[in-house]
$ cat data.csv   # CSV, C-alpha atoms
chain,number,residue,atom,x,y,z
L,27,MET,CA,-7.0,20.4,5.2
L,28,PRO,CA,-9.1,17.3,4.5
L,29,LEU,CA,-7.9,14.0,6.0
L,30,SER,CA,-6.5,11.6,3.5
L,31,HIS,CA,-7.5,8.0,2.9
L,32,SER,CA,-4.4,6.7,4.7
L,33,GLN,CA,-4.9,9.1,7.6
L,34,ILE,CA,-8.5,7.9,8.2
L,35,TRP,CA,-7.5,4.2,8.2
L,36,SER,CA,-4.4,4.9,10.3
L,37,ALA,CA,-6.5,6.6,12.9
L,38,LEU,CA,-8.9,3.7,13.1
L,39,ASP,CA,-5.9,1.3,13.5
L,40,ARG,CA,-4.5,3.5,16.3
L,41,LEU,CA,-7.9,3.6,18.0
L,42,ALA,CA,-8.0,-0.2,17.9
L,43,ALA,CA,-4.5,-0.5,19.2
L,44,ARG,CA,-5.2,1.9,22.0
L,45,GLU,CA,-8.1,-0.3,23.2
L,46,GLY,CA,-6.0,-3.5,22.8
L,47,LEU,CA,-8.1,-4.6,19.8
L,48,THR,CA,-7.5,-5.8,16.3
L,49,PRO,CA,-9.4,-3.9,13.5
L,50,SER,CA,-11.8,-6.9,13.4
L,51,ALA,CA,-12.4,-6.8,17.1
L,52,LEU,CA,-13.0,-3.0,16.9
L,53,ALA,CA,-15.6,-3.6,14.2
L,54,ARG,CA,-17.4,-6.2,16.3
L,55,ARG,CA,-17.4,-3.9,19.3
L,56,ALA,CA,-19.2,-1.3,17.2
L,57,ASP,CA,-21.7,-3.9,16.0
L,58,LEU,CA,-20.3,-4.0,12.5
L,59,ASP,CA,-19.3,-6.8,10.2
L,60,PRO,CA,-16.0,-8.1,11.5
L,61,THR,CA,-14.3,-7.6,8.1
L,62,SER,CA,-15.3,-4.0,7.8
L,63,PHE,CA,-11.9,-2.6,8.7
L,64,ASN,CA,-9.7,-5.3,7.3
L,65,PRO,CA,-6.7,-4.0,5.4
L,66,SER,CA,-7.8,-6.0,2.4
L,67,LYS,CA,-11.0,-4.0,2.2
L,68,ARG,CA,-9.2,-0.6,2.0
L,69,VAL,CA,-8.1,-0.8,-1.6
L,70,LYS,CA,-10.1,-2.8,-4.3
L,71,ASP,CA,-9.0,-3.1,-7.9
L,72,GLY,CA,-6.5,-0.3,-7.4
L,73,ARG,CA,-9.1,2.1,-5.9
L,74,ALA,CA,-9.1,3.5,-2.4
L,75,ARG,CA,-12.1,2.5,-0.3
L,76,TRP,CA,-13.2,4.6,2.6
L,77,PRO,CA,-14.9,3.6,5.8
L,78,SER,CA,-18.6,4.7,5.8
L,79,THR,CA,-19.7,7.7,7.8
L,80,GLU,CA,-22.1,5.3,9.7
L,81,SER,CA,-19.4,2.9,10.6
L,82,LEU,CA,-17.0,5.6,11.8
L,83,THR,CA,-19.8,7.2,13.8
L,84,LYS,CA,-20.6,3.9,15.5
L,85,VAL,CA,-16.9,3.4,16.4
L,86,LEU,CA,-16.5,6.9,17.9
L,87,ALA,CA,-19.8,6.5,19.9
L,88,VAL,CA,-18.9,3.1,21.4
L,89,LEU,CA,-15.4,4.3,22.4
L,90,GLY,CA,-16.5,7.7,23.6
L,91,VAL,CA,-14.2,9.5,21.2
L,92,SER,CA,-15.1,12.9,19.7
L,93,LEU,CA,-14.7,13.7,16.0
L,94,GLY,CA,-12.1,16.3,17.0
L,95,GLU,CA,-10.1,13.8,18.9
L,96,PHE,CA,-10.3,11.4,16.0
L,97,ALA,CA,-9.1,14.1,13.6
L,98,ALA,CA,-6.1,14.9,15.9
L,99,LEU,CA,-5.3,11.2,16.0
L,100,ALA,CA,-5.3,11.0,12.3
L,101,GLU,CA,-3.1,14.0,11.8
L,102,ASP,CA,-0.6,12.7,14.5
L,103,GLY,CA,-0.5,9.3,12.8
L,104,ALA,CA,0.5,10.8,9.4
L,105,ARG,CA,3.7,12.1,10.9
L,106,GLY,CA,4.8,8.5,11.6
L,107,ASP,CA,8.0,7.4,13.2
L,108,GLY,CA,10.3,8.3,10.2
L,109,ALA,CA,10.8,4.6,9.3
L,110,VAL,CA,9.1,2.2,6.9
L,111,PRO,CA,9.2,-1.6,6.6
L,112,LEU,CA,12.0,-2.9,4.3
L,113,LEU,CA,12.2,-6.1,2.3
L,114,GLY,CA,14.2,-7.5,-0.6
L,115,PHE,CA,12.5,-7.9,-4.0
L,116,ALA,CA,13.0,-11.7,-3.8
L,117,GLN,CA,11.4,-11.9,-0.4
L,118,ALA,CA,8.5,-9.8,-1.6
L,119,GLY,CA,7.5,-12.6,-3.8
L,120,ASP,CA,7.1,-15.1,-0.9
L,121,ASP,CA,3.9,-15.6,0.9
L,122,GLY,CA,3.4,-14.2,4.4
L,123,PHE,CA,4.9,-10.7,4.0
L,124,PHE,CA,1.8,-9.1,2.6
L,125,ASP,CA,-1.9,-9.5,3.5
L,126,ASP,CA,-4.7,-10.0,0.9
L,127,GLY,CA,-4.8,-6.2,0.2
L,128,GLY,CA,-1.1,-6.0,-0.5
L,129,PHE,CA,-0.2,-4.3,2.8
L,130,PRO,CA,2.9,-5.2,4.9
L,131,ALA,CA,2.1,-8.0,7.3
L,132,GLY,CA,3.7,-10.8,9.2
L,133,GLU,CA,7.3,-11.1,10.5
L,134,GLY,CA,10.7,-10.7,8.8
L,135,TRP,CA,10.6,-7.1,7.9
L,136,ASP,CA,13.5,-4.8,8.6
L,137,ARG,CA,13.1,-1.0,9.1
L,138,MET,CA,14.5,1.8,7.0
L,139,ALA,CA,14.7,5.5,7.8
L,140,PHE,CA,12.6,7.6,5.4
L,141,PRO,CA,12.9,11.4,5.0
L,142,GLY,CA,9.1,11.8,4.4
L,143,ALA,CA,6.2,11.1,6.8
L,144,ALA,CA,6.0,7.4,7.4
L,145,ARG,CA,2.4,6.1,7.3
L,146,GLU,CA,0.3,3.1,6.7
L,147,GLY,CA,0.7,1.6,3.2
L,148,LEU,CA,4.3,2.7,2.8
L,149,PHE,CA,7.1,0.2,2.6
L,150,ALA,CA,10.5,-0.1,1.0
L,151,LEU,CA,12.0,-2.8,-1.3
L,152,ARG,CA,15.7,-3.3,-1.8
L,153,VAL,CA,16.7,-3.6,-5.5
L,154,GLN,CA,18.4,-6.8,-6.6
L,155,GLY,CA,19.9,-7.5,-10.0
L,156,ASP,CA,20.1,-5.3,-13.1
L,157,SER,CA,16.5,-5.5,-14.5
L,158,MET,CA,15.9,-1.9,-13.4
L,159,LEU,CA,19.0,-0.2,-14.8
L,160,PRO,CA,19.6,2.6,-15.5
L,161,ALA,CA,16.9,3.9,-13.3
L,162,TYR,CA,17.7,1.9,-10.2
L,163,ARG,CA,20.8,-0.1,-9.3
L,164,ALA,CA,21.3,-3.2,-7.1
L,165,GLY,CA,21.2,-2.0,-3.4
L,166,ASP,CA,19.0,1.0,-4.1
L,167,ARG,CA,15.9,1.1,-1.9
L,168,LEU,CA,12.5,2.1,-3.3
L,169,VAL,CA,9.7,3.4,-1.1
L,170,VAL,CA,6.4,2.2,-2.4
L,171,ASP,CA,2.9,3.6,-1.7
L,172,ARG,CA,0.4,0.8,-1.6
L,173,THR,CA,-2.5,3.1,-1.0
L,174,ALA,CA,-2.1,4.9,-4.3
L,175,SER,CA,-5.1,4.6,-6.5
L,176,ASP,CA,-4.9,7.4,-9.1
L,177,PHE,CA,-2.3,5.8,-11.3
L,178,ARG,CA,-1.2,7.7,-14.4
L,179,VAL,CA,0.7,6.8,-17.6
L,180,GLY,CA,4.4,7.3,-16.9
L,181,ASP,CA,4.2,6.4,-13.2
L,182,ARG,CA,6.9,4.1,-12.0
L,183,VAL,CA,5.2,1.3,-10.1
L,184,VAL,CA,5.9,-2.0,-8.3
L,185,VAL,CA,3.5,-4.8,-9.1
L,186,ARG,CA,3.1,-8.2,-7.6
L,187,THR,CA,1.3,-11.0,-9.6
L,188,THR,CA,-0.9,-13.6,-8.1
L,189,ALA,CA,1.9,-16.1,-8.9
L,190,GLY,CA,4.3,-14.1,-6.6
L,191,GLU,CA,6.4,-12.3,-9.2
L,192,VAL,CA,7.4,-8.8,-8.1
L,193,MET,CA,8.7,-6.2,-10.6
L,194,ALA,CA,9.3,-2.5,-11.0
L,195,LYS,CA,8.2,-1.1,-14.3
L,196,GLU,CA,6.7,2.1,-15.9
L,197,LEU,CA,3.0,2.2,-16.4
L,198,ARG,CA,2.4,2.5,-20.1
L,199,ARG,CA,-1.4,1.9,-20.4
L,200,GLN,CA,-4.2,0.5,-18.3
L,201,THR,CA,-7.7,-0.7,-19.2
L,202,ALA,CA,-10.5,-2.3,-17.3
L,203,ASP,CA,-9.1,-5.8,-17.8
L,204,ARG,CA,-5.3,-5.3,-18.2
L,205,ILE,CA,-2.2,-3.2,-17.5
L,206,GLU,CA,0.7,-2.6,-19.9
L,207,LEU,CA,4.1,-2.1,-18.3
L,208,LYS,CA,7.3,-0.7,-19.9
L,209,SER,CA,10.6,-2.2,-18.7
L,210,LEU,CA,13.0,0.3,-17.1
L,211,ASN,CA,15.9,-1.6,-18.6
L,212,PRO,CA,15.6,-1.9,-22.5
L,213,ASN,CA,17.3,-5.3,-22.3
L,214,TYR,CA,14.3,-6.7,-20.5
L,215,PRO,CA,10.9,-7.3,-22.1
L,216,ASP,CA,7.8,-5.1,-21.5
L,217,ARG,CA,4.9,-6.9,-19.8
L,218,THR,CA,1.2,-7.0,-20.2
L,219,LEU,CA,-0.8,-8.4,-17.3
L,220,LYS,CA,-4.4,-9.2,-17.0
L,221,ARG,CA,-6.1,-7.6,-14.0
L,222,ARG,CA,-7.1,-11.0,-12.6
L,223,ASP,CA,-3.4,-12.0,-12.5
L,224,LEU,CA,-2.5,-8.8,-10.6
L,225,SER,CA,-2.2,-9.1,-6.8
L,226,TRP,CA,-1.4,-5.5,-6.2
L,227,MET,CA,0.2,-2.4,-7.6
L,228,GLY,CA,1.9,0.5,-5.8
L,229,ARG,CA,3.5,3.8,-6.9
L,230,ILE,CA,7.2,4.3,-6.3
L,231,LEU,CA,7.5,7.5,-4.2
L,232,TRP,CA,11.2,7.8,-3.5
L,233,ALA,CA,14.5,6.0,-4.1
L,234,SER,CA,17.7,6.0,-2.2
L,235,GLN,CA,20.5,6.3,-4.7

$ encode --input "data.csv" --output "structure tokens"
Amino acid sequence: MPLSHSQIWSALDRLAAREGLTPSALARRADLDPTSFNPSKRVKDGRARWPSTESLTKVLAVLGVSLGEFAALAEDGARGDGAVPLLGFAQAGDDGFFDDGGFPAGEGWDRMAFPGAAREGLFALRVQGDSMLPAYRAGDRLVVDRTASDFRVGDRVVVRTTAGEVMAKELRRQTADRIELKSLNPNYPDRTLKRRDLSWMGRILWASQ
């Protein structure tokens, strides 16, 4: 089975950690641009970006790792530890919890058991208030996939704006310059966001109810 986008990046992160390096330091050791493996480079405008074959080959060569060993590392990493980072919706709007690419970062995250395979790009948000009724109630926890790129009409998504607003909605329509979101609770308004005002968007994979 082909390795997924998240598996490839997770394996690169695990290689870096095994060598006591950050992703940037790993890139420098392989004589690559230091930003080549930054989390913010892995998804752009909602689309998954893959490391190039050349950059991956350079990393494996400088570390003395075979392609087979790298594939095994990627497959092992997809199994995860059965837990994902957990944050409240209100906290998710604050700076410091996500990097520029919308991936969990920094301190202050709790951990939540997850029945699926925990992997890079998955995190959970605790529902607060009634804006997501009747789909989700206060206290429910939503597992969000930040690596998702093939969004479809009808998907339930979590979006964060550049102003720090975080919301869960249903994707109604998307164009090159905007997205239209349908409110889960009919008592709350639908939203239309310009792409330039969107920090990130992730698909809701699972909810504890």

$ closest_atom_pairs --input "data.csv" --of "range 98-172 of chain L" --to "range 51-65 of chain L" --cutoff "12 Å" --atoms "all atoms listed in the file" --output "CSV"
residue,atom,partner,partner_atom,distance
L:Phe124,CA,L:Pro65,CA,10.3
L:Asp125,CA,L:Pro65,CA,7.5
L:Asp126,CA,L:Pro65,CA,7.8
L:Gly127,CA,L:Pro65,CA,6.0
L:Gly128,CA,L:Pro65,CA,8.4
L:Phe129,CA,L:Pro65,CA,7.0
L:Pro130,CA,L:Pro65,CA,9.7
L:Ala131,CA,L:Pro65,CA,9.9
L:Glu146,CA,L:Pro65,CA,10.1
L:Gly147,CA,L:Pro65,CA,9.5
L:Arg172,CA,L:Pro65,CA,11.1

$ write_last_selection --input "data.csv" --atoms "C-alpha atoms" --output "PDB file, in the frame of the given file"
ATOM      1  CA  PHE L 124       1.800  -9.100   2.600  1.00  0.00           C
ATOM      2  CA  ASP L 125      -1.900  -9.500   3.500  1.00  0.00           C
ATOM      3  CA  ASP L 126      -4.700 -10.000   0.900  1.00  0.00           C
ATOM      4  CA  GLY L 127      -4.800  -6.200   0.200  1.00  0.00           C
ATOM      5  CA  GLY L 128      -1.100  -6.000  -0.500  1.00  0.00           C
ATOM      6  CA  PHE L 129      -0.200  -4.300   2.800  1.00  0.00           C
ATOM      7  CA  PRO L 130       2.900  -5.200   4.900  1.00  0.00           C
ATOM      8  CA  ALA L 131       2.100  -8.000   7.300  1.00  0.00           C
ATOM      9  CA  GLU L 146       0.300   3.100   6.700  1.00  0.00           C
ATOM     10  CA  GLY L 147       0.700   1.600   3.200  1.00  0.00           C
ATOM     11  CA  ARG L 172       0.400   0.800  -1.600  1.00  0.00           C
TER      12      ARG L 172
END

$ residues_around --input "data.csv" --residues "range 114-120 of chain L" --least-positions-apart "5" --cutoff "6 Å" --atoms "only C-alpha atoms" --output "ChimeraX atom specification"
/L:151-152,190-192

$ write_last_selection --input "data.csv" --atoms "C-alpha atoms" --output "mmCIF file, in the frame of the given file"
data_model
loop_
_atom_site.group_PDB
_atom_site.id
_atom_site.type_symbol
_atom_site.label_atom_id
_atom_site.label_comp_id
_atom_site.auth_asym_id
_atom_site.auth_seq_id
_atom_site.Cartn_x
_atom_site.Cartn_y
_atom_site.Cartn_z
ATOM 1 C CA LEU L 151 12.000 -2.800 -1.300
ATOM 2 C CA ARG L 152 15.700 -3.300 -1.800
ATOM 3 C CA GLY L 190 4.300 -14.100 -6.600
ATOM 4 C CA GLU L 191 6.400 -12.300 -9.200
ATOM 5 C CA VAL L 192 7.400 -8.800 -8.100
#

$ atom_distance --input "data.csv" --atom1 "CA of Val85 in chain L" --atom2 "CA of Val110 in chain L"
27.7 Å

$ residues_around --input "data.csv" --residues "range 221-225 of chain L" --least-positions-apart "6" --cutoff "6 Å" --atoms "only C-alpha atoms" --output "PyMOL selection string"
chain L and resi 186-188+203-204

$ residues_around --input "data.csv" --residues "Pro77 in chain L" --least-positions-apart "4" --cutoff "9 Å" --atoms "all atoms listed in the file" --output "list in words"
Ile34, Trp35, Ser62, Phe63, Arg68, Ser81 and Leu82 of chain L

$ atom_distance --input "data.csv" --atom1 "CA of Val153 in chain L" --atom2 "CA of Leu168 in chain L"
7.4 Å

$ closest_residue --input "data.csv" --among "L:Pro28, L:Pro111, L:Gly228, L:Gly122" --to "Arg182 in chain L" --atoms "only C-alpha atoms"
L:Gly228

$ residues_around --input "data.csv" --residues "Val184 in chain L" --least-positions-apart "3" --cutoff "9 Å" --atoms "all atoms listed in the file" --output "MDAnalysis selection string"
chainID L and resid 170 192:196 226:230
